[in-house]
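So the structure is just underneath, and the comments pick up after that.
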Amino acid sequence: MSGFESFPLSPAIRKGVASSGYVRPFPIQAQAIGPLLERRNLIGQAKAGSGKTLAFGIPLVQSVDTSQGRVQALVLAPTRELAVQITLELQKIGSYTSVRVVTVYGGQSMNVQLDALRRGAHIVVGTPGRTIDHIKRGTLRLDSVRFVVLDEADVMLDMGFIDDVDFILDKTPANRQTALFSATMPRSIVQLSQRYVPDPVRAMVDQNEPSAETLEQFYARVERDQKLALLLDILEKENRKSAVVFCRTRYGTIRLARELERRFLSVASLHGDLSQRQRDHSMGLFRSGKADVLVATDVASRGIDVRQVDCVINYDVPEDPTVYFHRVGRTARAGDRGRSYTFVSWDEEGDFARIAALAKAPINPLREEDARKKPRPSLSSKGARPWRHGRGERHRGRPGRWRRYR
């Protein structure tokens with residue numbers, strides 16, 4: 001397919017797509033846009049950064065009848081950041097139409113959202129919890145909805161949103177068009193699709209894993225107290241416009257951001273203790289380039305679509321192997337190139353081994369010593385679980401020693 005002109009789009013939407021810089025459809029877009037324009041139900045699977053939002057966004061905006069002032073389309077997303085990102089993309093697509101998009105999510109003033117809904121909305125993008133709040137208040141009616149999208153459905157299930165999704169979809173017409181998009185396709189997603197997406201077209205592109213052609217992946221074996229020095233060395237040598245550094249915990253994120261700021265780096269942080277205004281401010285600094293390093297917990301591994309992210313650094317190895325692929329998917333997006341670096345301390349060897357076993361593209365040693373360096377012996381070999389930084393509690397009167405994690 002040569003370009004988006006192959007699809008039967010209205011002139012206004014065609015102009016919006018072109019002005020947004022989209023020239024040629026990516027594989028998930030090529031497979032999904034046609035069936036969705038034909039009002040078919042669809043299940044789409046593609047890795048992070050592969051253009052899923054545009055794949056459902058174009059048919060969704062085209063389906064809206066702007067002569068009607070009612071909500072006609074609903075998009076559910078698991079996180080605030082992703083909901084905002086989807087809204088921005090839909091607004092770009094519909095920038096030459098009179099389509100109105102409203103975002104509803106927790107952490108933002110309810111009055112702001114009430115005012116926006118009163119002015120009229122054709123498309124609502126929301127997180128499940130706040131969407132339910134508006135439904136119960138009577139400020140959001142879904143009886144005219146013709147198109148529903150469940151984005152990042154695998155994450156919504158992991159976050160326990162299945163009952164909320166049930167409640168919301170029960171408020172929509174039974175003959176609605178439904179699209180379900182997911183980066184992975186576990187059994188739970190298959191069961192979800194059988195419940196909500198009858199007779200779907202399947203647009204399966206690939207797993208949520210970067211390709212070796214666009215993303216170079218490296219690991220380094222390093223003691224915890226040496227991670228900061230290695231991070232500073234990479235940030236200094238990496239020819240980057242921006243980088244995302246992932247930590248496991250909020251406390252680790254705050255502490256690392258402060259350490260980097262002390263070294264006069266322009267840093268923004270993103271974690272669960274921030275208010276929505278603070279989170280928006282951090283993302284605004286990062287997107288605008290005023291901060292070239294974002295230190296974040298895994299709240300940011302979904303919903304950040306910043307094209308200029310040149311590298312991702314896993315300061316801490318994630319316990320869940322799938323989180324690794326979501327993290328590194330923040331770079332090398334939409335055909336761009338990128339790099340990822342993972343710092344592996346001795347007590348993270350098991351978590352990293354599970355990631356390496358699942359990865360199809362190679363994760364290469366950063367330095368020669370990383371390939372031959374052996375991990376320190378783990379207490380697990382003696383029948384006890386290993387000590388973990390930040391998970392135990394210090395022995396009173398014995399600084400530096402940690403209780404065994406059980």
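Ligands are numbered from 1 in the order shown, chains are lettered A, B, ... in the order of the structure tokens, and residues start at 1 in each chain.
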
Could you give me, as a list in words, the residues within 8 Å of segment 125-131 of chain A, counting only C-alpha atoms and dropping anything in the same chain fewer than 4 positions from it?
-> Leu74, Val75, Leu76, Ala77, Pro78, Thr79, Arg80, Ala83, Val84, Ile86, Thr87, Val101, Val102, Thr103, Val104, Tyr105, Gly106, Ile135, Leu140, Phe161, Asp164, Val165 and Ile168 of chain A

List every residue of segment 39-255 of chain A that DSSP, applied to the backbone of this structure, places in strand (DSSP E), and write the result as a PyMOL selection string.
-> chain A and resi 42-45+73-76+101-104+123-126+147-150+177-182+201-204+215-221+243-246

Put those residues in a file: C-alpha atoms, as a PDB file, in the first residue's frame.
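Result file is out27.pdb:
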```pdb
ATOM      1  CA  LEU A  42     -11.429  -6.067  15.122  1.00  0.00           C
ATOM      2  CA  ILE A  43      -8.699  -7.436  17.381  1.00  0.00           C
ATOM      3  CA  GLY A  44      -5.328  -5.821  16.754  1.00  0.00           C
ATOM      4  CA  GLN A  45      -1.954  -6.861  18.103  1.00  0.00           C
ATOM      5  CA  ALA A  73     -17.381   6.924  20.252  1.00  0.00           C
ATOM      6  CA  LEU A  74     -15.603   5.809  23.412  1.00  0.00           C
ATOM      7  CA  VAL A  75     -11.946   4.882  23.924  1.00  0.00           C
ATOM      8  CA  LEU A  76     -10.888   3.241  27.198  1.00  0.00           C
ATOM      9  CA  VAL A 101     -12.822  15.055  21.786  1.00  0.00           C
ATOM     10  CA  VAL A 102     -13.012  15.127  25.589  1.00  0.00           C
ATOM     11  CA  THR A 103     -10.649  13.318  27.964  1.00  0.00           C
ATOM     12  CA  VAL A 104     -11.818  12.091  31.383  1.00  0.00           C
ATOM     13  CA  ILE A 123     -15.616  11.216  21.270  1.00  0.00           C
ATOM     14  CA  VAL A 124     -14.738  10.496  24.904  1.00  0.00           C
ATOM     15  CA  VAL A 125     -11.335   9.083  25.833  1.00  0.00           C
ATOM     16  CA  GLY A 126     -11.122   7.959  29.430  1.00  0.00           C
ATOM     17  CA  PHE A 147     -17.747   2.693  18.223  1.00  0.00           C
ATOM     18  CA  VAL A 148     -15.824   1.434  21.280  1.00  0.00           C
ATOM     19  CA  VAL A 149     -12.065   0.905  21.498  1.00  0.00           C
ATOM     20  CA  LEU A 150     -10.298  -0.931  24.319  1.00  0.00           C
ATOM     21  CA  GLN A 177     -18.635  -1.670  16.678  1.00  0.00           C
ATOM     22  CA  THR A 178     -15.805  -2.800  18.968  1.00  0.00           C
ATOM     23  CA  ALA A 179     -12.039  -2.822  18.486  1.00  0.00           C
ATOM     24  CA  LEU A 180      -9.615  -4.337  20.961  1.00  0.00           C
ATOM     25  CA  PHE A 181      -5.909  -3.527  20.747  1.00  0.00           C
ATOM     26  CA  SER A 182      -3.181  -5.226  22.736  1.00  0.00           C
ATOM     27  CA  VAL A 201     -11.201  -9.438  11.980  1.00  0.00           C
ATOM     28  CA  ARG A 202      -7.748 -10.270  13.356  1.00  0.00           C
ATOM     29  CA  ALA A 203      -4.894  -7.888  12.601  1.00  0.00           C
ATOM     30  CA  MET A 204      -1.887  -9.608  14.165  1.00  0.00           C
ATOM     31  CA  LEU A 215      16.838  -1.019  18.521  1.00  0.00           C
ATOM     32  CA  GLU A 216      20.261  -1.923  19.873  1.00  0.00           C
ATOM     33  CA  GLN A 217      19.976  -3.545  23.315  1.00  0.00           C
ATOM     34  CA  PHE A 218      22.814  -3.738  25.839  1.00  0.00           C
ATOM     35  CA  TYR A 219      23.261  -4.969  29.393  1.00  0.00           C
ATOM     36  CA  ALA A 220      25.908  -4.296  32.023  1.00  0.00           C
ATOM     37  CA  ARG A 221      26.587  -6.289  35.185  1.00  0.00           C
ATOM     38  CA  ALA A 243      16.514   9.590  27.520  1.00  0.00           C
ATOM     39  CA  VAL A 244      14.100   7.741  29.801  1.00  0.00           C
ATOM     40  CA  VAL A 245      15.550   6.097  32.934  1.00  0.00           C
ATOM     41  CA  PHE A 246      13.338   3.499  34.639  1.00  0.00           C
TER      42      PHE A 246
END
```

Residue with smallest distance to His271 of chain A - pool A:Glu5, A:Asp292, A:Asp298, A:Asp115, counting only C-alpha atoms =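 Among the listed residues, A:Asp298 lies closest to His271 of chain A.
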
Might you pull out every residue within 12 Å of Gly272 of chain A, with only C-alpha atoms counted and same-chain residues fewer than 4 positions away left off, and present them as a list in words?
-> Thr79, Arg80, Glu81, Gly107, Arg248, Thr249, Arg250, Tyr251, Thr253, Ile254, Gln276, Gln278, Arg279, Ala296, Thr297, Asp298, Val299 and Ala300 of chain A

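Nearest residue to Leu169 of chain A, choosing from A:Lys15, A:Arg24, A:His326, A:Arg141 and counting only C-alpha atoms: A:Arg141.
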
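Using only C-alpha atoms, the smallest distance between any of A:Lys360, A:Arg100, A:Arg187, A:Lys52 and Leu117 of chain A comes from A:Arg100.
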
Between atom CA of Tyr341 of chain A and atom CA of Asn364 of chain A - distance in Å to one decimal =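 Separation between atom CA of Asn364 of chain A and atom CA of Tyr341 of chain A: 9.4 Å.
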
What are the DSSP helix (DSSP H, G or I) residues of segment 124-247 of chain A, as a ChimeraX atom specification?
-> /A:128-137,153-158,162-169,187-196,224-237

Using only C-alpha atoms, please write the residues we just selected to a file, as a PDB file, in the first residue's frame.
```
ATOM      1  CA  PRO A 128     -12.263   3.244  33.442  1.00  0.00           C
ATOM      2  CA  GLY A 129     -12.590   4.676  36.955  1.00  0.00           C
ATOM      3  CA  ARG A 130     -13.341   8.271  35.961  1.00  0.00           C
ATOM      4  CA  THR A 131     -15.579   7.129  33.086  1.00  0.00           C
ATOM      5  CA  ILE A 132     -17.713   5.258  35.617  1.00  0.00           C
ATOM      6  CA  ASP A 133     -17.809   8.346  37.857  1.00  0.00           C
ATOM      7  CA  HIS A 134     -19.331  10.371  35.025  1.00  0.00           C
ATOM      8  CA  ILE A 135     -21.790   7.622  34.103  1.00  0.00           C
ATOM      9  CA  LYS A 136     -23.046   7.431  37.706  1.00  0.00           C
ATOM     10  CA  ARG A 137     -23.321  11.216  37.921  1.00  0.00           C
ATOM     11  CA  ALA A 153      -6.388  -4.322  26.861  1.00  0.00           C
ATOM     12  CA  ASP A 154      -3.701  -6.589  28.334  1.00  0.00           C
ATOM     13  CA  VAL A 155      -2.724  -3.860  30.797  1.00  0.00           C
ATOM     14  CA  MET A 156      -6.331  -3.131  31.740  1.00  0.00           C
ATOM     15  CA  LEU A 157      -6.736  -6.769  32.718  1.00  0.00           C
ATOM     16  CA  ASP A 158      -3.452  -6.746  34.682  1.00  0.00           C
ATOM     17  CA  ILE A 162     -12.272  -6.099  33.980  1.00  0.00           C
ATOM     18  CA  ASP A 163     -15.288  -5.376  36.236  1.00  0.00           C
ATOM     19  CA  ASP A 164     -15.134  -1.691  35.305  1.00  0.00           C
ATOM     20  CA  VAL A 165     -15.028  -2.581  31.604  1.00  0.00           C
ATOM     21  CA  ASP A 166     -18.080  -4.825  32.113  1.00  0.00           C
ATOM     22  CA  PHE A 167     -19.980  -1.987  33.786  1.00  0.00           C
ATOM     23  CA  ILE A 168     -19.116   0.550  31.076  1.00  0.00           C
ATOM     24  CA  LEU A 169     -19.837  -1.659  28.075  1.00  0.00           C
ATOM     25  CA  ARG A 187      -5.243 -16.338  27.112  1.00  0.00           C
ATOM     26  CA  SER A 188      -7.038 -13.687  29.190  1.00  0.00           C
ATOM     27  CA  ILE A 189      -7.149 -11.364  26.173  1.00  0.00           C
ATOM     28  CA  VAL A 190      -8.542 -14.129  23.972  1.00  0.00           C
ATOM     29  CA  GLN A 191     -11.299 -14.730  26.539  1.00  0.00           C
ATOM     30  CA  LEU A 192     -12.001 -10.996  26.724  1.00  0.00           C
ATOM     31  CA  SER A 193     -12.306 -10.785  22.960  1.00  0.00           C
ATOM     32  CA  GLN A 194     -14.815 -13.644  22.893  1.00  0.00           C
ATOM     33  CA  ARG A 195     -16.974 -11.736  25.375  1.00  0.00           C
ATOM     34  CA  TYR A 196     -16.880  -8.288  23.780  1.00  0.00           C
ATOM     35  CA  ARG A 224      24.172  -1.267  42.968  1.00  0.00           C
ATOM     36  CA  ASP A 225      26.514   1.365  44.355  1.00  0.00           C
ATOM     37  CA  GLN A 226      28.177   1.640  40.930  1.00  0.00           C
ATOM     38  CA  LYS A 227      24.992   2.134  38.911  1.00  0.00           C
ATOM     39  CA  LEU A 228      24.954   5.920  39.225  1.00  0.00           C
ATOM     40  CA  ALA A 229      28.502   6.259  37.899  1.00  0.00           C
ATOM     41  CA  LEU A 230      27.690   4.045  34.925  1.00  0.00           C
ATOM     42  CA  LEU A 231      24.494   5.999  34.239  1.00  0.00           C
ATOM     43  CA  LEU A 232      26.372   9.316  34.236  1.00  0.00           C
ATOM     44  CA  ASP A 233      28.971   7.851  31.901  1.00  0.00           C
ATOM     45  CA  ILE A 234      26.311   6.672  29.418  1.00  0.00           C
ATOM     46  CA  LEU A 235      24.406   9.960  29.555  1.00  0.00           C
ATOM     47  CA  GLU A 236      27.634  11.831  28.864  1.00  0.00           C
ATOM     48  CA  LYS A 237      28.731   9.623  25.970  1.00  0.00           C
TER      49      LYS A 237
END
```

Find the residue from A:Val71, A:Val23, A:Val99, A:Leu114 that sits nearest to Val145 of chain A; use only C-alpha atoms when measuring.
->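 So, comparing all the options, the nearest one is A:Val71.
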
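The shell of residues at most 12 Å from Leu358 of chain A, with only C-alpha atoms counted and near chain neighbours (fewer than 4 positions) removed, consists of Gln207, Asn208, Glu209, Asp320, Pro321, Thr322, Val323, Tyr324, Phe325, Asp351, Phe352, Ala353, Arg354, Pro362 and Ile363 of chain A.
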
Quick one: everything within 10 Å of Ile28 of chain A, counting only C-alpha atoms, minus sequence neighbours fewer than 4 positions away in the same chain. Send it as a list in words.
-> Ala32, Ile33, Gly44, Gln45, Ala46, Lys47, Ser50, Gly51, Lys52, Thr53, Leu54, Ala55, Phe56, Ala203, Met204, Val205 and Asp206 of chain A

Please produce a file of the residues just selected, as a PDB file, in the first residue's frame, where the atoms kept are C-alpha atoms.
```pdb
ATOM      1  CA  ALA A  32      -6.788  -2.503  10.599  1.00  0.00           C
ATOM      2  CA  ILE A  33      -8.010   0.712   8.966  1.00  0.00           C
ATOM      3  CA  GLY A  44      -5.328  -5.821  16.754  1.00  0.00           C
ATOM      4  CA  GLN A  45      -1.954  -6.861  18.103  1.00  0.00           C
ATOM      5  CA  ALA A  46       1.242  -4.911  17.511  1.00  0.00           C
ATOM      6  CA  LYS A  47       4.270  -3.838  19.508  1.00  0.00           C
ATOM      7  CA  SER A  50       3.874   0.668  15.878  1.00  0.00           C
ATOM      8  CA  GLY A  51       1.018   3.113  15.246  1.00  0.00           C
ATOM      9  CA  LYS A  52      -1.959   1.454  16.933  1.00  0.00           C
ATOM     10  CA  THR A  53      -3.555   4.784  17.872  1.00  0.00           C
ATOM     11  CA  LEU A  54      -3.693   5.915  14.260  1.00  0.00           C
ATOM     12  CA  ALA A  55      -4.969   2.470  13.244  1.00  0.00           C
ATOM     13  CA  PHE A  56      -8.183   2.942  15.204  1.00  0.00           C
ATOM     14  CA  ALA A 203      -4.894  -7.888  12.601  1.00  0.00           C
ATOM     15  CA  MET A 204      -1.887  -9.608  14.165  1.00  0.00           C
ATOM     16  CA  VAL A 205       1.365  -7.890  13.272  1.00  0.00           C
ATOM     17  CA  ASP A 206       3.922  -8.895  15.884  1.00  0.00           C
TER      18      ASP A 206
END
```
